[in-house]
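Colleague: Sharing a structure below in structure tokens format, with a few things to ask.
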Amino acid sequence: MAAALAVATGVAASCRSIPGRGPSARAPRPDGNAVVQAATLAAVTPPVIRVGILTDVPRASVGADWGVIVKGAAPDGTAVNVTVQRATFLPSTPGTAGPLRLVETGQEIASAALFPANADQDLSVDGLAYRGLLEVRPAGTGGLTVINVLNLEDYLRGVVPNELSPQSFPQLEALKAQAVAARTYALRNRGQFEAKGYDICATPACQVYRGRSSEHPLTDQAVEETRGIIASYRGNLINALYTSTCGGHTEDAVNIFEGEHEVPYLAGVACLPERSAWDIVRTTASPRGFGEGDRGLNRDAALLIALGVLEPGSYSAAALEGPATDQDLRHWVKGLAAALRREGCEAAGDGPVTRRGAFFHHLVTGLCWDKREKLMGPEDTSYLLQVEDRGDLAGEGETLAAALLMQDGIVQPHSDNTLRPSAPVTRAEAVSILARAALRAGPPDLLDGEFRSASAAGLGVQRGEELETHPLAPDVRLFRSLDGSVQAPSELILESGEKVRFVLHEGQVSFLEVQQSLMGASADRDSRYYRWEVRMTPGEIASAAARYGTVGAVRDVVPLRLGVSGRVVEMAIRGSDGEMVIKGLKVRWALGLRENLFVVDREMDGAGGVGRFIFTGKGWGHGVGLCQVGAAGMAQAGSRFESILTHYYTGVRLGLAR
């Protein structure tokens with residue numbers, strides 16, 4: 001499957017770590033294979049793992065800067081030991097099981113062990129570098145298989161960044177949790193593919209492994225700082241399954257994987273930060289005086305008061321009613337310039353600035369922003385000012401000012417596509433414009449950080465590498481931004497790691513705003529797959545589910561049983577020719593959905609049937625075990641890797657592998 005998060009999500013395939021069935025029965029190997037395997041195992045520091053990086057392929061090319069040593073045995077038992085710049089292997093007889101041919105020398109080889117001619121160099125396979133050594137052997141289907149033989153910890157360095165991207169999720173404790181899970185999974189499932197000559201595959205069916213080429217310093221650190229640590233349950237290694245995005249709650253393994261017995265440590269749990277990550281901040285100030293529609297103005301006035309631009313008495317809807325005076329506007333612009341602590345500029349013009357257009361010009365020149373004309377392209381002003389009343393702007397100064405303020409998002413056209421430059425400026429309009437200008441410019445006293453704690457000592461905030469604590473003013477103005485919608489509560493419930501913006505005035509926090517998510521409190525809410533919607537016609541459902549059977553024309557899709565997380569763990573597809581019941585992981589596969597966690601709506605057609613099924617769901621993957629994006633969220637909230645692992649794997653112990 002494709003990798004998730006782009007973050008872009010940065011989390012590799014959502015169905016990796018599906019339960020294995022344990023090592024398969026040992027199959028007899030040709031003597032050549034045994035000799036080759038012994039040679040590579042003897043040259044690698046234990047614990048050793050054998051990874052099938054290419055399986056049943058028609059050819060493979062192995063190289064190293066100073067050449068490749070090829071050791072093995074010919075079909076007749078004769079030893080092969082040659083050095084070539086690059087070793088290219090093909091089946092001697094394509095399509096049939098049998099010996100390989102080394103293209104560079106023309107020799108037939110039963111199987112081969114590959115070493116770099118210079119021990120300090122890496123071998124590369126089709127352009128990707130790998131630590132350790134390589135084996136090439138025939139595959140039973142007529143192709144060939146390339147196996148990377150290396151130390152377990154080196155293997156993990158090529159797994160962890162592909163399972164949880166350090167670029168998208170740089171939280172070290174989450175990466176350490178991923179390293180322990182991956183190490184445990186590898187040891188528990190080592191030998192699963194023994195009949196094919198290797199221990200574990202390199203794809204999402206096991207764990208995504210891309211060798212040295214994908215290593216990253218942060219994930220290297222995570223592997224090193226957890227070296228040898230594994231998770232066990234009652235003395236045995238756990239099957240450390242993990243999923244990309246669990247949608248707020250993981251599921252019992254027995255409900256997802258058919259044929260599995262109940263596994264106590266793979267029980268469904270809520271995907272939430274630890275309760276210790278939550279704090280409450282209260283204020284003695286009251287937001288009263290502003291109506292429900294004034295919440296944004298409420299925040300704007302509070303911000304400007306905290307910055308010293310407005311007088312404290314301005315904090316009420318009544319104080320901001322009516323037109324602004326020339327004196328008000330000039331005083332406020334000077335106050336904003338002082339709050340920004342930038343070089344002063346003389347505002348243009350001696351006339352009144354109570355017209356909107358004149359106020360635009362006065363604000364831009366008073367903040368020295370008219371110099372930004374040099375950053376405007378030749379046609380930018382005309383392009384931006386496609387408004388119905390552009391002709392009402394008085395001269396080039398007002399025109400340029402309006403364009404500059406629009407470009408920075410400080411001024412926006414009204415719903416009728418006008419700027420109304422000839423209208424008088426109201427006090428409320430001026431406050432909103434000045435607040436947006438302040439946010440755009442970034443006054444030194446307006447600080448950003450990540451919330452860490454709130455206590456009698458004050459507000460704990462992470463800013464860069466520093467953890468700062470600042471006293472909270474008793475009447476601190478509190479605001480909560482939910483995806484841009486601003487509320488003014490009397491108390492804030494804050495989670496460690498949330499983004500906050502605050503004003504530090506005379507050594508105290510007088511203004512505090514937290515950015516929170518409409519997705520709720522789940523630790524994996526930042527995944528772009530946390531919430532999704534898919535629309536399918538009955539015909540598309542019939543086609544997707546055909547691998548499991550047919551029901552004729554699909555008439556309905558009905559969830560029959562839900563798991564502890566709300567996932568659909570048993571579903572009926574009903575059609576003109578009968579009903580098909582599907583269980584567990586097959587539910588999402590039959591519908592082609594990202595997860596089993598969904599609800600079904602029906603869009604009816606004109607004939608009384610279903611025209612389209614609408615699946616609204618959450619998450620990506622099988623939903624069992626460690627939630628990878630949730631782990632990042634827990635780490636962001638301050639959890640250590642041990643807490644993350646024991647949260648998702650119920651009742652496990654962490655310790656060094658024996």
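Scheme for the structure tokens: letters A, B, ... for chains in order shown; per-chain residue numbers from 1; ligand numbers from 1 in order shown.
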Within 7 Å of stretch 62-66 of chain A, counting only C-alpha atoms, which residues show up once you throw out same-chain ones fewer than 4 positions away? Write them as JSON, numbers by chain, please.
Modeller: {"A": [85, 86, 87, 88, 116, 117, 118, 121, 122, 123, 124, 125, 126]}
Colleague: List every residue of stretch 121-184 of chain A that has an atom at most 7 Å from any atom of stretch 41-50 of chain A, and for each one report the closest atom pair and its distance in Å to one decimal, counting only C-alpha atoms, with rows sorted by chain and then by increasing residue number, as a Markdown table.
Modeller:
```
| residue | atom | partner | partner_atom | distance |
| --- | --- | --- | --- | --- |
| A:Gly132 | CA | A:Val44 | CA | 6.7 |
| A:Ile147 | CA | A:Arg50 | CA | 6.3 |
| A:Asn148 | CA | A:Arg50 | CA | 5.7 |
| A:Val149 | CA | A:Arg50 | CA | 4.6 |
| A:Leu150 | CA | A:Val48 | CA | 5.6 |
| A:Asn151 | CA | A:Val48 | CA | 4.6 |
| A:Leu152 | CA | A:Val48 | CA | 5.5 |
```
Colleague: Give one line per residue of stretch 201-246 of chain A that approaches stretch 589-608 of chain A to at most 12 Å, naming the two atoms of the closest pair and their distance in Å to one decimal, counting only C-alpha atoms; sort by chain then ascending residue number and deliver it as JSON lines.
Modeller:
```
{"residue": "A:Thr243", "atom": "CA", "partner": "A:Glu595", "partner_atom": "CA", "distance": 10.3}
{"residue": "A:Ser244", "atom": "CA", "partner": "A:Glu595", "partner_atom": "CA", "distance": 10.3}
{"residue": "A:Thr245", "atom": "CA", "partner": "A:Glu595", "partner_atom": "CA", "distance": 9.1}
{"residue": "A:Cys246", "atom": "CA", "partner": "A:Glu595", "partner_atom": "CA", "distance": 8.4}
```
Colleague: Report, in Å to a single decimal, how far apart atom CA of A:Val269 and atom CA of A:Tyr529 are.
Modeller: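 Straight-line distance from atom CA of A:Tyr529 to atom CA of A:Val269 works out to 18.8 Å.
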Colleague: Check the smallest atom-to-atom distance from each of A:Arg372, A:Thr381, A:Leu307, A:Ala253 to A:Val564 using only C-alpha atoms, then report the winner.
Modeller: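 Under the stated criterion, the closest residue is A:Ala253.
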Colleague: When you look at stretch 510-526 of chain A with a cut-off of 8 Å (counting only C-alpha atoms), what residues show up, excluding the ones that are within fewer than 3 positions of it in the same chain? I need them as a VMD selection string.
Modeller: chain A and resid 245 to 248 270 to 273 302 to 303 306 472 to 473 475 to 483 494 498 to 505 530 627 to 634
Colleague: Show me, as a list in words, the residues that have an atom within 12 Å of A:Lys586 when counting only C-alpha atoms, minus same-chain residues fewer than 3 positions from it.
Modeller: Cys15, Asn255, Ile256, Phe257, Glu258, Ala544, Ala545, Ala546, Arg547, Tyr548, Val568, Val569, Glu570, Met571, Ala572, Met580, Val581, Ile582, Lys583, Trp589, Ala590, Leu591, Gly592, Leu593, Arg594, Glu595, Asn596, Gly621 and His622 of chain A
Colleague: Using N, CA and C atoms, can you export the residues from the last selection as a PDB file, in the first residue's frame?
Modeller:
```pdb
ATOM      1  N   CYS A  15      -1.355  -0.859   6.435  1.00  0.00           N
ATOM      2  CA  CYS A  15      -1.712  -2.225   6.838  1.00  0.00           C
ATOM      3  C   CYS A  15      -0.499  -3.056   7.150  1.00  0.00           C
ATOM      4  N   ASN A 255     -11.330  -8.643  16.590  1.00  0.00           N
ATOM      5  CA  ASN A 255     -12.419  -8.162  15.741  1.00  0.00           C
ATOM      6  C   ASN A 255     -11.980  -7.837  14.321  1.00  0.00           C
ATOM      7  N   ILE A 256     -10.686  -7.711  14.113  1.00  0.00           N
ATOM      8  CA  ILE A 256     -10.174  -7.300  12.803  1.00  0.00           C
ATOM      9  C   ILE A 256      -9.552  -8.463  12.045  1.00  0.00           C
ATOM     10  N   PHE A 257      -8.799  -9.285  12.716  1.00  0.00           N
ATOM     11  CA  PHE A 257      -8.075 -10.361  12.050  1.00  0.00           C
ATOM     12  C   PHE A 257      -8.795 -11.682  12.278  1.00  0.00           C
ATOM     13  N   GLU A 258      -9.392 -12.194  11.237  1.00  0.00           N
ATOM     14  CA  GLU A 258     -10.146 -13.447  11.337  1.00  0.00           C
ATOM     15  C   GLU A 258      -9.225 -14.597  11.744  1.00  0.00           C
ATOM     16  N   ALA A 544     -15.878  -3.582  -6.431  1.00  0.00           N
ATOM     17  CA  ALA A 544     -14.848  -3.668  -5.392  1.00  0.00           C
ATOM     18  C   ALA A 544     -14.974  -4.945  -4.579  1.00  0.00           C
ATOM     19  N   ALA A 545     -16.215  -5.384  -4.327  1.00  0.00           N
ATOM     20  CA  ALA A 545     -16.439  -6.552  -3.470  1.00  0.00           C
ATOM     21  C   ALA A 545     -16.412  -7.865  -4.229  1.00  0.00           C
ATOM     22  N   ALA A 546     -16.202  -7.826  -5.536  1.00  0.00           N
ATOM     23  CA  ALA A 546     -16.300  -9.041  -6.361  1.00  0.00           C
ATOM     24  C   ALA A 546     -15.305 -10.114  -5.947  1.00  0.00           C
ATOM     25  N   ARG A 547     -14.195  -9.703  -5.323  1.00  0.00           N
ATOM     26  CA  ARG A 547     -13.190 -10.699  -4.910  1.00  0.00           C
ATOM     27  C   ARG A 547     -13.748 -11.654  -3.854  1.00  0.00           C
ATOM     28  N   TYR A 548     -14.809 -11.224  -3.162  1.00  0.00           N
ATOM     29  CA  TYR A 548     -15.388 -12.062  -2.112  1.00  0.00           C
ATOM     30  C   TYR A 548     -16.717 -12.701  -2.512  1.00  0.00           C
ATOM     31  N   VAL A 568     -16.754  -1.003  12.014  1.00  0.00           N
ATOM     32  CA  VAL A 568     -17.641  -2.016  11.453  1.00  0.00           C
ATOM     33  C   VAL A 568     -16.834  -3.300  11.332  1.00  0.00           C
ATOM     34  N   VAL A 569     -17.161  -4.288  12.140  1.00  0.00           N
ATOM     35  CA  VAL A 569     -16.405  -5.539  12.133  1.00  0.00           C
ATOM     36  C   VAL A 569     -17.197  -6.671  11.485  1.00  0.00           C
ATOM     37  N   GLU A 570     -18.448  -6.398  11.144  1.00  0.00           N
ATOM     38  CA  GLU A 570     -19.239  -7.351  10.372  1.00  0.00           C
ATOM     39  C   GLU A 570     -20.240  -6.542   9.550  1.00  0.00           C
ATOM     40  N   MET A 571     -20.316  -6.843   8.249  1.00  0.00           N
ATOM     41  CA  MET A 571     -21.105  -6.033   7.332  1.00  0.00           C
ATOM     42  C   MET A 571     -21.800  -6.932   6.324  1.00  0.00           C
ATOM     43  N   ALA A 572     -23.008  -6.542   5.935  1.00  0.00           N
ATOM     44  CA  ALA A 572     -23.739  -7.262   4.894  1.00  0.00           C
ATOM     45  C   ALA A 572     -23.853  -6.383   3.657  1.00  0.00           C
ATOM     46  N   MET A 580     -24.315 -11.018   1.114  1.00  0.00           N
ATOM     47  CA  MET A 580     -22.962 -11.477   1.414  1.00  0.00           C
ATOM     48  C   MET A 580     -22.511 -10.813   2.716  1.00  0.00           C
ATOM     49  N   VAL A 581     -22.079 -11.612   3.685  1.00  0.00           N
ATOM     50  CA  VAL A 581     -21.621 -11.096   4.974  1.00  0.00           C
ATOM     51  C   VAL A 581     -20.096 -11.141   4.999  1.00  0.00           C
ATOM     52  N   ILE A 582     -19.497 -10.023   5.356  1.00  0.00           N
ATOM     53  CA  ILE A 582     -18.039  -9.891   5.361  1.00  0.00           C
ATOM     54  C   ILE A 582     -17.618  -9.443   6.750  1.00  0.00           C
ATOM     55  N   LYS A 583     -16.493  -9.981   7.229  1.00  0.00           N
ATOM     56  CA  LYS A 583     -16.052  -9.696   8.587  1.00  0.00           C
ATOM     57  C   LYS A 583     -14.621  -9.160   8.609  1.00  0.00           C
ATOM     58  N   TRP A 589     -11.452  -3.840   2.811  1.00  0.00           N
ATOM     59  CA  TRP A 589     -10.944  -4.282   1.515  1.00  0.00           C
ATOM     60  C   TRP A 589     -12.080  -4.459   0.514  1.00  0.00           C
ATOM     61  N   ALA A 590     -13.218  -4.972   0.977  1.00  0.00           N
ATOM     62  CA  ALA A 590     -14.344  -5.183   0.065  1.00  0.00           C
ATOM     63  C   ALA A 590     -14.907  -3.869  -0.448  1.00  0.00           C
ATOM     64  N   LEU A 591     -14.798  -2.817   0.359  1.00  0.00           N
ATOM     65  CA  LEU A 591     -15.331  -1.514  -0.050  1.00  0.00           C
ATOM     66  C   LEU A 591     -14.247  -0.588  -0.600  1.00  0.00           C
ATOM     67  N   GLY A 592     -13.002  -0.981  -0.455  1.00  0.00           N
ATOM     68  CA  GLY A 592     -11.914  -0.120  -0.926  1.00  0.00           C
ATOM     69  C   GLY A 592     -11.744   1.125  -0.077  1.00  0.00           C
ATOM     70  N   LEU A 593     -12.016   1.028   1.240  1.00  0.00           N
ATOM     71  CA  LEU A 593     -11.928   2.171   2.135  1.00  0.00           C
ATOM     72  C   LEU A 593     -10.616   2.155   2.910  1.00  0.00           C
ATOM     73  N   ARG A 594     -10.300   3.287   3.525  1.00  0.00           N
ATOM     74  CA  ARG A 594      -9.058   3.385   4.283  1.00  0.00           C
ATOM     75  C   ARG A 594      -9.138   2.658   5.629  1.00  0.00           C
ATOM     76  N   GLU A 595     -10.340   2.539   6.181  1.00  0.00           N
ATOM     77  CA  GLU A 595     -10.491   2.008   7.531  1.00  0.00           C
ATOM     78  C   GLU A 595     -11.846   1.347   7.686  1.00  0.00           C
ATOM     79  N   ASN A 596     -12.004   0.569   8.742  1.00  0.00           N
ATOM     80  CA  ASN A 596     -13.297  -0.004   9.118  1.00  0.00           C
ATOM     81  C   ASN A 596     -14.139   0.966   9.940  1.00  0.00           C
ATOM     82  N   GLY A 621      -5.765   2.375   8.054  1.00  0.00           N
ATOM     83  CA  GLY A 621      -5.048   1.177   8.464  1.00  0.00           C
ATOM     84  C   GLY A 621      -5.970   0.161   9.101  1.00  0.00           C
ATOM     85  N   HIS A 622      -5.377  -0.823   9.747  1.00  0.00           N
ATOM     86  CA  HIS A 622      -6.194  -1.867  10.367  1.00  0.00           C
ATOM     87  C   HIS A 622      -6.688  -1.467  11.752  1.00  0.00           C
TER      88      HIS A 622
END
```
Colleague: Got a sec: who's within 12 Å of A:Asp328, counting only C-alpha atoms, leaving out chain neighbours fewer than 4 positions off, as a PyMOL selection string?
Modeller: chain A and resi 309-311+314+320+323-324+332-335+352-354+359+425-428+430-431
Colleague: For A:Leu492, which residue out of A:Ala454, A:Val534, A:Val146, A:Ile238 is the nearest one, using only C-alpha atoms?
Modeller: A:Ala454
Colleague: Once DSSP has gone over the backbone, tell me which residues of stretch 165-254 of chain A are in helix (DSSP H, G or I), as a PyMOL selection string.
Modeller: chain A and resi 172-189+194-196+212-214+217-225+253-254
Colleague: Suppose we keep C-alpha atoms; can you now write the selection as a PDB file, in the first residue's frame?
Modeller:
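Saved file selection-v6.pdb follows:
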```
ATOM      1  CA  LEU A 172      11.815  11.906  19.302  1.00  0.00           C
ATOM      2  CA  GLU A 173       9.761   9.986  21.886  1.00  0.00           C
ATOM      3  CA  ALA A 174       7.310   8.868  19.174  1.00  0.00           C
ATOM      4  CA  LEU A 175      10.201   7.732  16.993  1.00  0.00           C
ATOM      5  CA  LYS A 176      11.626   5.807  19.943  1.00  0.00           C
ATOM      6  CA  ALA A 177       8.260   4.111  20.471  1.00  0.00           C
ATOM      7  CA  GLN A 178       8.247   3.208  16.786  1.00  0.00           C
ATOM      8  CA  ALA A 179      11.779   1.815  17.067  1.00  0.00           C
ATOM      9  CA  VAL A 180      10.802  -0.461  19.969  1.00  0.00           C
ATOM     10  CA  ALA A 181       7.663  -1.631  18.165  1.00  0.00           C
ATOM     11  CA  ALA A 182       9.610  -2.337  14.973  1.00  0.00           C
ATOM     12  CA  ARG A 183      12.364  -4.188  16.864  1.00  0.00           C
ATOM     13  CA  THR A 184       9.812  -6.291  18.721  1.00  0.00           C
ATOM     14  CA  TYR A 185       7.874  -7.068  15.562  1.00  0.00           C
ATOM     15  CA  ALA A 186      11.042  -8.120  13.727  1.00  0.00           C
ATOM     16  CA  LEU A 187      12.182 -10.460  16.504  1.00  0.00           C
ATOM     17  CA  ARG A 188       8.714 -11.933  17.009  1.00  0.00           C
ATOM     18  CA  ASN A 189       8.252 -12.611  13.280  1.00  0.00           C
ATOM     19  CA  GLU A 194      12.320 -19.218   6.169  1.00  0.00           C
ATOM     20  CA  ALA A 195      11.198 -21.476   3.338  1.00  0.00           C
ATOM     21  CA  LYS A 196      12.130 -18.669   0.940  1.00  0.00           C
ATOM     22  CA  ARG A 212      20.846   2.915   4.274  1.00  0.00           C
ATOM     23  CA  SER A 213      19.543   5.246   1.593  1.00  0.00           C
ATOM     24  CA  SER A 214      16.557   6.188   3.771  1.00  0.00           C
ATOM     25  CA  PRO A 217      19.871  11.289  12.047  1.00  0.00           C
ATOM     26  CA  LEU A 218      16.743  11.644  14.208  1.00  0.00           C
ATOM     27  CA  THR A 219      15.575   8.076  13.667  1.00  0.00           C
ATOM     28  CA  ASP A 220      19.154   6.834  14.074  1.00  0.00           C
ATOM     29  CA  GLN A 221      19.068   8.532  17.487  1.00  0.00           C
ATOM     30  CA  ALA A 222      15.750   6.871  18.316  1.00  0.00           C
ATOM     31  CA  VAL A 223      17.133   3.440  17.447  1.00  0.00           C
ATOM     32  CA  GLU A 224      20.354   3.996  19.378  1.00  0.00           C
ATOM     33  CA  GLU A 225      18.630   5.343  22.510  1.00  0.00           C
ATOM     34  CA  ALA A 253      -7.329  -7.463  17.308  1.00  0.00           C
ATOM     35  CA  VAL A 254      -9.797 -10.343  17.475  1.00  0.00           C
TER      36      VAL A 254
END
```
Colleague: Can you tell me, as a list in words, what residues are no more than 10 Å from A:Pro471 when counting only C-alpha atoms, ignoring any on the same chain fewer than 3 positions away?
Modeller: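 Result of the neighbour search: Ala454, Ser455, Ala456, Ala457, Gly458, Leu459, Gly460, Pro474, Leu504, Gly507, Gln508, Val509 and Ser510 of chain A.
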Colleague: Take the selection from the previous step and output its residues with N, CA and C atoms, as a compact mmCIF listing (two decimals), in the first residue's frame.
Modeller:
```txt
# COMPACT_ATOMS: atom_id res chain seq x y z
N ALA A 454 0.45 24.93 33.11
CA ALA A 454 -0.09 26.11 33.79
C ALA A 454 -0.16 25.77 35.27
N SER A 455 0.39 26.63 36.11
CA SER A 455 0.43 26.38 37.54
C SER A 455 0.47 27.71 38.27
N ALA A 456 0.60 27.63 39.58
CA ALA A 456 0.71 28.87 40.36
C ALA A 456 1.92 29.69 39.93
N ALA A 457 2.93 29.01 39.39
CA ALA A 457 4.13 29.72 38.95
C ALA A 457 3.89 30.49 37.67
N GLY A 458 2.87 30.11 36.91
CA GLY A 458 2.58 30.82 35.68
C GLY A 458 2.40 29.90 34.49
N LEU A 459 2.53 30.47 33.33
CA LEU A 459 2.36 29.77 32.06
C LEU A 459 3.69 29.22 31.58
N GLY A 460 3.76 27.88 31.42
CA GLY A 460 4.97 27.26 30.89
C GLY A 460 4.85 27.09 29.39
N PRO A 474 -3.99 38.14 36.64
CA PRO A 474 -5.28 37.60 37.11
C PRO A 474 -6.41 37.82 36.11
N LEU A 504 3.21 39.51 26.43
CA LEU A 504 3.90 39.67 27.70
C LEU A 504 3.98 41.17 28.00
N GLY A 507 5.96 41.99 32.34
CA GLY A 507 6.38 40.74 32.95
C GLY A 507 5.27 39.74 33.17
N GLN A 508 4.03 40.07 32.78
CA GLN A 508 2.90 39.16 32.95
C GLN A 508 2.23 38.88 31.62
N VAL A 509 1.64 37.69 31.52
CA VAL A 509 0.86 37.35 30.33
C VAL A 509 -0.51 38.00 30.49
N SER A 510 -0.82 38.96 29.61
CA SER A 510 -2.09 39.69 29.69
C SER A 510 -3.07 39.27 28.61
```
Colleague: Skip A:Ala403 itself and residues of its chain fewer than 3 positions away, then list as a list in words all residues within 8 Å of it, counting only C-alpha atoms.
Modeller: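 That gives Asp380, Thr381, Leu384, Leu385, Thr399, Leu400, Met406 and Gln407 of chain A.
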Colleague: Can you write out the residues you just picked, keeping N, CA and C atoms, as a PDB file, in the first residue's frame?
Modeller:
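So result-v9.pdb came out as:
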```pdb
ATOM      1  N   ASP A 380       0.439  44.307 -10.206  1.00  0.00           N
ATOM      2  CA  ASP A 380      -0.142  43.789  -8.964  1.00  0.00           C
ATOM      3  C   ASP A 380      -1.284  44.659  -8.455  1.00  0.00           C
ATOM      4  N   THR A 381      -1.101  45.981  -8.510  1.00  0.00           N
ATOM      5  CA  THR A 381      -2.134  46.868  -7.986  1.00  0.00           C
ATOM      6  C   THR A 381      -3.440  46.705  -8.755  1.00  0.00           C
ATOM      7  N   LEU A 384      -5.024  43.232  -7.927  1.00  0.00           N
ATOM      8  CA  LEU A 384      -5.636  43.123  -6.607  1.00  0.00           C
ATOM      9  C   LEU A 384      -6.894  43.969  -6.475  1.00  0.00           C
ATOM     10  N   LEU A 385      -6.875  45.152  -7.044  1.00  0.00           N
ATOM     11  CA  LEU A 385      -7.980  46.098  -6.853  1.00  0.00           C
ATOM     12  C   LEU A 385      -9.039  45.964  -7.938  1.00  0.00           C
ATOM     13  N   THR A 399      -4.578  54.398  -3.453  1.00  0.00           N
ATOM     14  CA  THR A 399      -4.646  53.197  -4.298  1.00  0.00           C
ATOM     15  C   THR A 399      -3.562  52.200  -3.909  1.00  0.00           C
ATOM     16  N   LEU A 400      -2.322  52.679  -3.765  1.00  0.00           N
ATOM     17  CA  LEU A 400      -1.223  51.795  -3.376  1.00  0.00           C
ATOM     18  C   LEU A 400      -1.467  51.221  -1.986  1.00  0.00           C
ATOM     19  N   MET A 406      -4.527  44.870   1.086  1.00  0.00           N
ATOM     20  CA  MET A 406      -5.209  43.682   0.572  1.00  0.00           C
ATOM     21  C   MET A 406      -4.235  42.532   0.396  1.00  0.00           C
ATOM     22  N   GLN A 407      -3.041  42.834  -0.098  1.00  0.00           N
ATOM     23  CA  GLN A 407      -2.055  41.784  -0.332  1.00  0.00           C
ATOM     24  C   GLN A 407      -1.668  41.081   0.963  1.00  0.00           C
TER      25      GLN A 407
END
```
Colleague: With only C-alpha atoms as the atoms that count, which of A:Leu404, A:Ala317, A:Ala74, A:Ile493 lies nearest to A:Gly377?
Modeller: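 Closest to A:Gly377, using only C-alpha atoms: A:Leu404.
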Colleague: Quick one, how far is atom CA of A:Val551 from atom CA of A:Ile573?
Modeller: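 Going from atom CA of A:Val551 over to atom CA of A:Ile573 covers 7.5 Å.
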